[in-house]
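Text of run-v9.tsv, listed as TSV, C-alpha atoms:
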chain	number	residue	atom	x	y	z
A	12	MET	CA	36.61	218.11	65.76
A	13	THR	CA	34.35	215.10	65.66
A	14	GLN	CA	30.68	215.51	65.02
A	15	ALA	CA	28.06	213.90	67.23
A	16	ALA	CA	26.32	210.98	65.62
A	17	ALA	CA	22.95	211.97	64.23
A	18	VAL	CA	20.01	210.56	66.14
A	19	PRO	CA	17.75	208.74	63.66
A	20	GLU	CA	14.26	210.13	63.45
A	21	ARG	CA	11.55	207.81	64.71
A	22	SER	CA	8.40	207.22	62.75
A	23	SER	CA	5.13	208.71	63.91
A	24	PHE	CA	3.77	205.18	64.33
A	25	ALA	CA	6.60	204.25	66.70
A	26	LEU	CA	6.04	207.43	68.70
A	27	ALA	CA	2.31	206.72	68.90
A	28	LEU	CA	3.02	203.19	70.17
A	29	GLU	CA	5.36	204.60	72.81
A	30	ASP	CA	2.71	207.08	73.94
A	31	CYS	CA	0.15	204.28	74.14
A	32	GLY	CA	2.57	202.20	76.20
A	33	VAL	CA	3.06	205.03	78.68
A	34	LEU	CA	-0.70	205.54	79.08
A	35	VAL	CA	-1.30	201.80	79.41
A	36	GLY	CA	1.21	201.75	82.25
A	37	ARG	CA	-0.58	204.68	83.88
A	38	SER	CA	-3.96	202.93	83.69
A	39	LEU	CA	-2.50	199.70	85.09
A	40	ARG	CA	-0.99	201.57	88.03
A	41	HIS	CA	-4.39	203.11	88.72
A	42	LEU	CA	-5.91	199.63	88.57
A	43	THR	CA	-3.49	198.09	91.06
A	44	ARG	CA	-3.91	201.02	93.46
A	45	SER	CA	-7.71	201.14	93.28
A	46	VAL	CA	-9.39	198.92	95.85
A	47	ASP	CA	-12.77	199.37	94.13
A	48	GLN	CA	-11.50	198.15	90.76
A	49	MET	CA	-9.68	195.18	92.27
A	50	ILE	CA	-12.83	194.16	94.15
A	51	GLN	CA	-14.80	194.45	90.93
A	52	ALA	CA	-12.24	192.41	89.01
A	53	VAL	CA	-11.65	189.71	91.63
A	54	ALA	CA	-14.31	189.54	94.33
A	55	LEU	CA	-17.45	190.30	92.32
A	56	PRO	CA	-17.12	187.44	89.78
A	57	VAL	CA	-16.37	184.99	92.59
A	58	MET	CA	-19.37	186.20	94.60
A	59	LEU	CA	-21.64	185.84	91.56
A	60	LEU	CA	-20.39	182.34	90.86
A	61	LEU	CA	-20.78	181.11	94.44
A	62	LEU	CA	-24.15	182.81	94.89
A	63	PHE	CA	-25.77	181.23	91.86
A	64	ARG	CA	-23.92	177.93	92.25
A	65	TYR	CA	-25.16	177.26	95.77
A	66	MET	CA	-28.40	179.23	95.92
A	67	PHE	CA	-29.96	178.07	92.65
A	68	GLY	CA	-27.87	175.04	91.72
A	69	ALA	CA	-30.34	172.49	93.06
A	70	ALA	CA	-33.44	174.31	91.79
A	71	ILE	CA	-32.69	174.86	88.09
A	72	ASP	CA	-32.99	172.13	85.48
A	73	THR	CA	-30.53	172.80	82.68
A	74	GLY	CA	-31.77	169.89	80.60
A	75	GLY	CA	-28.44	168.08	80.71
A	76	PRO	CA	-25.22	169.47	82.23
A	77	SER	CA	-24.82	170.18	85.92
A	78	TYR	CA	-25.74	173.72	86.88
A	79	VAL	CA	-22.18	174.74	87.73
A	80	ASN	CA	-21.02	173.62	84.28
A	81	TYR	CA	-23.93	175.47	82.71
A	82	LEU	CA	-23.28	178.58	84.83
A	83	ILE	CA	-19.61	179.27	84.20
A	84	SER	CA	-19.96	180.83	80.74
A	85	GLY	CA	-22.76	183.06	82.01
A	86	VAL	CA	-20.68	184.31	84.94
A	87	LEU	CA	-17.78	185.01	82.57
A	88	VAL	CA	-20.00	187.22	80.41
A	89	LEU	CA	-21.57	188.92	83.44
A	90	SER	CA	-18.19	189.75	84.96
A	91	VAL	CA	-16.97	191.27	81.70
A	92	ALA	CA	-20.13	193.37	81.40
A	93	PHE	CA	-19.71	194.64	84.98
A	94	SER	CA	-16.26	195.98	84.09
A	95	ALA	CA	-17.73	198.46	81.60
A	96	SER	CA	-18.73	200.68	84.50
A	97	ALA	CA	-15.14	201.05	85.76
A	98	THR	CA	-13.91	201.80	82.24
A	99	ALA	CA	-16.58	204.43	81.60
A	100	VAL	CA	-15.96	206.11	84.97
A	101	GLY	CA	-12.20	206.16	84.40
A	102	VAL	CA	-12.47	207.79	80.97
A	103	ALA	CA	-15.06	210.31	82.16
A	104	GLY	CA	-12.88	211.13	85.16
A	105	ASP	CA	-9.88	211.88	82.94
A	106	LEU	CA	-11.97	214.18	80.78
A	107	GLN	CA	-13.56	215.88	83.77
A	108	ASN	CA	-10.44	216.51	85.88
A	109	GLY	CA	-8.53	218.19	83.08
A	110	ILE	CA	-5.69	215.72	82.61
A	111	VAL	CA	-6.65	215.12	78.97
A	112	THR	CA	-6.37	218.88	78.38
A	113	ARG	CA	-2.86	218.80	79.84
A	114	PHE	CA	-1.99	215.88	77.59
A	115	ARG	CA	-3.08	217.96	74.60
A	116	SER	CA	-0.35	220.50	75.38
A	117	MET	CA	2.27	217.77	74.93
A	118	PRO	CA	3.56	216.35	71.63
A	119	MET	CA	1.79	213.03	72.06
A	120	PHE	CA	-0.69	210.80	70.30
A	121	GLY	CA	-4.07	212.10	71.46
A	122	PRO	CA	-6.11	208.85	71.59
A	123	ALA	CA	-3.36	207.15	73.65
A	124	VAL	CA	-5.37	207.87	76.78
A	125	LEU	CA	-8.27	205.83	75.34
A	126	VAL	CA	-5.97	202.98	74.37
A	127	GLY	CA	-4.62	202.98	77.91
A	128	HIS	CA	-8.08	202.50	79.37
A	129	VAL	CA	-9.02	199.81	76.83
A	130	VAL	CA	-5.87	197.75	77.41
A	131	SER	CA	-6.23	198.11	81.18
A	132	ALA	CA	-9.87	196.98	80.99
A	133	THR	CA	-8.88	194.03	78.80
A	134	LEU	CA	-6.20	192.86	81.24
A	135	ARG	CA	-8.60	193.33	84.15
A	136	ASN	CA	-11.13	191.11	82.41
A	137	ILE	CA	-8.53	188.48	81.54
A	138	LEU	CA	-7.76	188.34	85.26
A	139	SER	CA	-11.47	187.96	86.04
A	140	VAL	CA	-11.85	185.16	83.48
A	141	GLY	CA	-8.92	183.26	84.97
A	142	ILE	CA	-10.27	183.64	88.50
A	143	VAL	CA	-13.78	182.50	87.55
A	144	ILE	CA	-12.46	179.40	85.80
A	145	GLY	CA	-10.11	178.62	88.70
A	146	VAL	CA	-12.77	179.04	91.40
A	147	GLY	CA	-15.23	177.18	89.18
A	148	TRP	CA	-12.89	174.20	89.17
A	149	LEU	CA	-12.90	174.26	92.98
A	150	VAL	CA	-16.72	174.08	93.02
A	151	ASP	CA	-16.98	171.17	90.55
A	152	PHE	CA	-16.75	172.85	87.15
A	153	ARG	CA	-15.46	170.11	84.87
A	154	PRO	CA	-14.97	171.16	81.22
A	155	ASN	CA	-14.31	168.50	78.60
A	156	ALA	CA	-12.95	170.84	75.93
A	157	THR	CA	-9.97	170.00	73.74
A	158	ALA	CA	-7.08	172.45	73.36
A	159	GLY	CA	-8.62	173.74	70.13
A	160	GLU	CA	-11.99	174.25	71.77
A	161	TRP	CA	-10.38	176.13	74.64
A	162	CYS	CA	-8.62	178.41	72.15
A	163	ALA	CA	-11.87	179.01	70.26
A	164	ALA	CA	-13.78	179.81	73.47
A	165	LEU	CA	-11.08	182.17	74.73
A	166	GLY	CA	-10.87	183.81	71.29
A	167	ILE	CA	-14.61	184.56	71.32
A	168	LEU	CA	-14.30	185.89	74.85
A	169	LEU	CA	-11.38	188.12	73.82
A	170	VAL	CA	-13.40	189.70	71.00
A	171	PHE	CA	-16.25	190.23	73.46
A	172	VAL	CA	-13.91	191.71	76.10
A	173	LEU	CA	-12.40	194.18	73.62
A	174	ALA	CA	-15.82	195.23	72.35
A	175	VAL	CA	-17.14	195.84	75.87
A	176	ALA	CA	-14.00	197.79	76.75
A	177	TRP	CA	-14.52	200.10	73.77
A	178	ILE	CA	-18.21	200.51	74.54
A	179	GLY	CA	-17.33	201.46	78.13
A	180	THR	CA	-14.79	203.94	76.78
A	181	LEU	CA	-17.44	205.39	74.47
A	182	PHE	CA	-19.81	205.87	77.39
A	183	GLY	CA	-17.05	207.73	79.24
A	184	VAL	CA	-16.38	210.02	76.28
A	185	VAL	CA	-20.01	210.94	75.55
A	186	ALA	CA	-21.04	211.31	79.22
A	187	GLY	CA	-21.21	214.73	80.80
A	188	GLY	CA	-19.52	213.50	83.97
A	189	VAL	CA	-18.56	210.52	86.08
A	190	GLU	CA	-22.09	209.94	87.41
A	191	ALA	CA	-23.59	209.95	83.92
A	192	ALA	CA	-20.90	207.55	82.65
A	193	SER	CA	-21.68	205.12	85.46
A	194	GLY	CA	-25.38	205.33	84.62
A	195	TYR	CA	-24.81	204.65	80.92
A	196	ALA	CA	-22.67	201.60	81.76
A	197	MET	CA	-25.57	200.06	83.69
A	198	ILE	CA	-27.09	199.24	80.29
A	199	LEU	CA	-24.31	196.70	79.71
A	200	VAL	CA	-24.46	195.47	83.30
A	201	PHE	CA	-28.11	194.43	83.10
A	202	LEU	CA	-28.46	193.23	79.50
A	203	PRO	CA	-26.65	189.88	80.08
A	204	TYR	CA	-29.26	188.96	82.68
A	205	ALA	CA	-31.80	188.89	79.84
A	206	SER	CA	-29.85	186.12	78.13
A	207	SER	CA	-29.17	182.42	78.60
A	208	ALA	CA	-26.41	183.24	81.10
A	209	LEU	CA	-28.19	181.94	84.19
A	210	VAL	CA	-31.13	179.81	83.03
A	211	PRO	CA	-32.08	178.06	79.75
A	212	SER	CA	-34.33	180.07	77.49
A	213	GLU	CA	-36.59	177.09	76.70
A	214	GLY	CA	-38.73	177.57	79.81
A	215	MET	CA	-39.24	181.31	79.36
A	216	PRO	CA	-42.47	182.98	78.17
A	217	THR	CA	-42.63	183.26	74.38
A	218	VAL	CA	-42.00	187.01	74.12
A	219	LEU	CA	-39.11	186.93	76.57
A	220	ARG	CA	-37.65	183.85	74.88
A	221	VAL	CA	-37.64	185.61	71.49
A	222	ILE	CA	-35.80	188.58	73.04
A	223	VAL	CA	-33.31	186.38	74.87
A	224	GLU	CA	-32.49	184.26	71.83
A	225	ASN	CA	-31.98	187.26	69.53
A	226	GLN	CA	-29.83	189.62	71.57
A	227	PRO	CA	-26.02	189.84	71.28
A	228	PHE	CA	-25.01	188.41	74.66
A	229	THR	CA	-26.75	185.06	74.25
A	230	PRO	CA	-24.57	183.76	71.36
A	231	VAL	CA	-21.41	184.49	73.36
A	232	VAL	CA	-22.74	182.62	76.39
A	233	ASP	CA	-23.98	179.70	74.28
A	234	ALA	CA	-20.81	179.43	72.20
A	235	VAL	CA	-18.45	179.47	75.17
A	236	ARG	CA	-20.67	176.98	77.02
A	237	ALA	CA	-20.81	174.63	74.03
A	238	LEU	CA	-17.07	174.75	73.45
A	239	LEU	CA	-16.20	174.14	77.11
A	240	ILE	CA	-18.73	171.50	78.16
A	241	GLY	CA	-19.98	170.02	74.89
A	242	THR	CA	-23.55	171.32	74.66
A	243	PRO	CA	-24.84	171.77	71.07
A	244	LEU	CA	-22.86	174.52	69.36
A	245	GLY	CA	-25.13	175.19	66.39
A	246	ASP	CA	-24.53	178.63	64.88
A	247	SER	CA	-23.75	180.32	68.20
A	248	ALA	CA	-20.00	180.80	67.55
A	249	TRP	CA	-20.60	182.45	64.17
A	250	LEU	CA	-23.46	184.51	65.57
A	251	ALA	CA	-21.25	185.69	68.43
A	252	LEU	CA	-18.60	186.87	65.99
A	253	ALA	CA	-21.23	188.33	63.65
A	254	TRP	CA	-22.50	190.45	66.54
A	255	TRP	CA	-19.34	191.44	68.35
A	256	VAL	CA	-16.73	191.95	65.62
A	257	PRO	CA	-18.82	194.75	64.01
A	258	ILE	CA	-19.67	196.13	67.48
A	259	LEU	CA	-15.94	196.19	68.29
A	260	LEU	CA	-14.96	197.94	65.07
A	261	LEU	CA	-17.82	200.43	65.13
A	262	SER	CA	-17.46	201.30	68.80
A	263	ALA	CA	-13.69	201.80	68.49
A	264	GLY	CA	-14.02	203.99	65.39
A	265	PHE	CA	-16.92	206.01	66.77
A	266	THR	CA	-15.18	206.51	70.12
A	267	MET	CA	-12.09	207.92	68.41
A	268	ARG	CA	-14.23	210.24	66.31
A	269	VAL	CA	-16.28	211.53	69.25
A	270	PHE	CA	-13.11	211.95	71.33
A	271	ARG	CA	-11.45	214.12	68.67
A	272	ARG	CA	-14.60	216.21	68.29
A	273	ARG	CA	-14.83	216.72	72.03
A	274	LEU	CA	-11.23	217.85	72.24
A	275	ALA	CA	-11.71	220.23	69.31
A	276	ARG	CA	-14.43	222.22	71.11
Will you turn the file into structure tokens for me?
Amino acid sequence: MTQAAAVPERSSFALALEDCGVLVGRSLRHLTRSVDQMIQAVALPVMLLLLFRYMFGAAIDTGGPSYVNYLISGVLVLSVAFSASATAVGVAGDLQNGIVTRFRSMPMFGPAVLVGHVVSATLRNILSVGIVIGVGWLVDFRPNATAGEWCAALGILLVFVLAVAWIGTLFGVVAGGVEAASGYAMILVFLPYASSALVPSEGMPTVLRVIVENQPFTPVVDAVRALLIGTPLGDSAWLALAWWVPILLLSAGFTMRVFRRRLAR
């Protein structure tokens, strides 16, 4: 009598990756079936771009580049910040409706549900970035970046996107419900407006200018703008990474810790 071939045991890391893949697929299906999230990912960035391009384009002096060239990096950052609300609400909803409790009864990697939301948010933001750049080209955005500068700008944006996704996930974990998570995410929605995203900081009152030039969103906007259209880069690229790499690492680690504590209650 022949014996059945033994099935090789899979490592815990491979099993965790498989669990994360399943939960990423779940979050992406929710994204494609949610009209609200698709509007936020597609329509909102386009509306912001067209609104500021045509309403304020002739009234704002950027000190050099055309306003649409100046504006694109700001709209990219704004659209990423807006997505934090959807991420926070999605995580809080999973915790509130009991599905995370059901996942706990299965032999699966617990934080996979968080990874699913983060990856989904990242892909949603990549879509938004592509749409903003494409529509920007239609309304006279003309970057002069080399291939290396494009890669550097997109790399900075990717770090920023991941950090915002983890912060949105953290808001969803610490919130007491969906409404609270949405309220917490408004912090990220409004902070980029107090940056150089829409207007140069040089003409601002002294106190406001100091705040704008020393908050974490401004270096991202300035670095992406400089790399794409050739404005002075200065230290903005290094400052952007100095802000957002630690924010990414700390927010991811703290989110995992708070999530495990919440599930252990």
Nearest candidate to Leu209 of chain A (options A:Tyr78, A:Tyr65, A:Phe270, A:Phe171; using all atoms listed in the file):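 Under the stated criterion, the closest residue is A:Tyr78.
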For Leu259 of chain A, which residue out of A:Val91, A:Trp177, A:Ser247, A:Arg220 is the nearest one, using all atoms listed in the file? A:Trp177
So the first atom is atom CA of Ala92 of chain A and the second is atom CA of Val57 of chain A; what is the distance between them in Å, to one decimal place?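 It comes out at 14.5 Å.
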Could you work out how far atom CA of Gly194 of chain A lies from atom CA of Pro211 of chain A, giving the answer in Å with one decimal? 28.5 Å
Return the single residue from A:Gly145, A:Gly159, A:Gly75, A:Gly104 that is closest to Leu238 of chain A, with distances computed using all atoms listed in the file.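 Residue with the minimum atom-to-atom distance to Leu238 of chain A: A:Gly159.
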Atom CA of Ala251 of chain A to atom CA of Val223 of chain A, straight-line distance in Å: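 It comes out at 13.7 Å.
Between Glu160 of chain A and the candidates A:Ala234, A:Ile258, A:Met58, A:Val35, the tightest atom-to-atom separation, counting all atoms listed in the file, involves A:Ala234.
Using all atoms listed in the file, the smallest distance between any of A:Ile83, A:Leu106, A:Ala205, A:Met66 and Asn225 of chain A comes from A:Ala205.
Each of A:Gly74, A:Gly101, A:Gly188, A:Pro56 was compared to Leu125 of chain A using all atoms listed in the file, and A:Gly101 turns out to be the nearest.
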Write out as an MDAnalysis selection string the residues lying within 12 Å of Ala174 of chain A, counting all atoms listed in the file and excluding same-chain residues fewer than 2 positions away. chainID A and resid 91:92 94:95 129:130 132:133 136 167:172 176:181 199 227:228 251:252 254:264 266
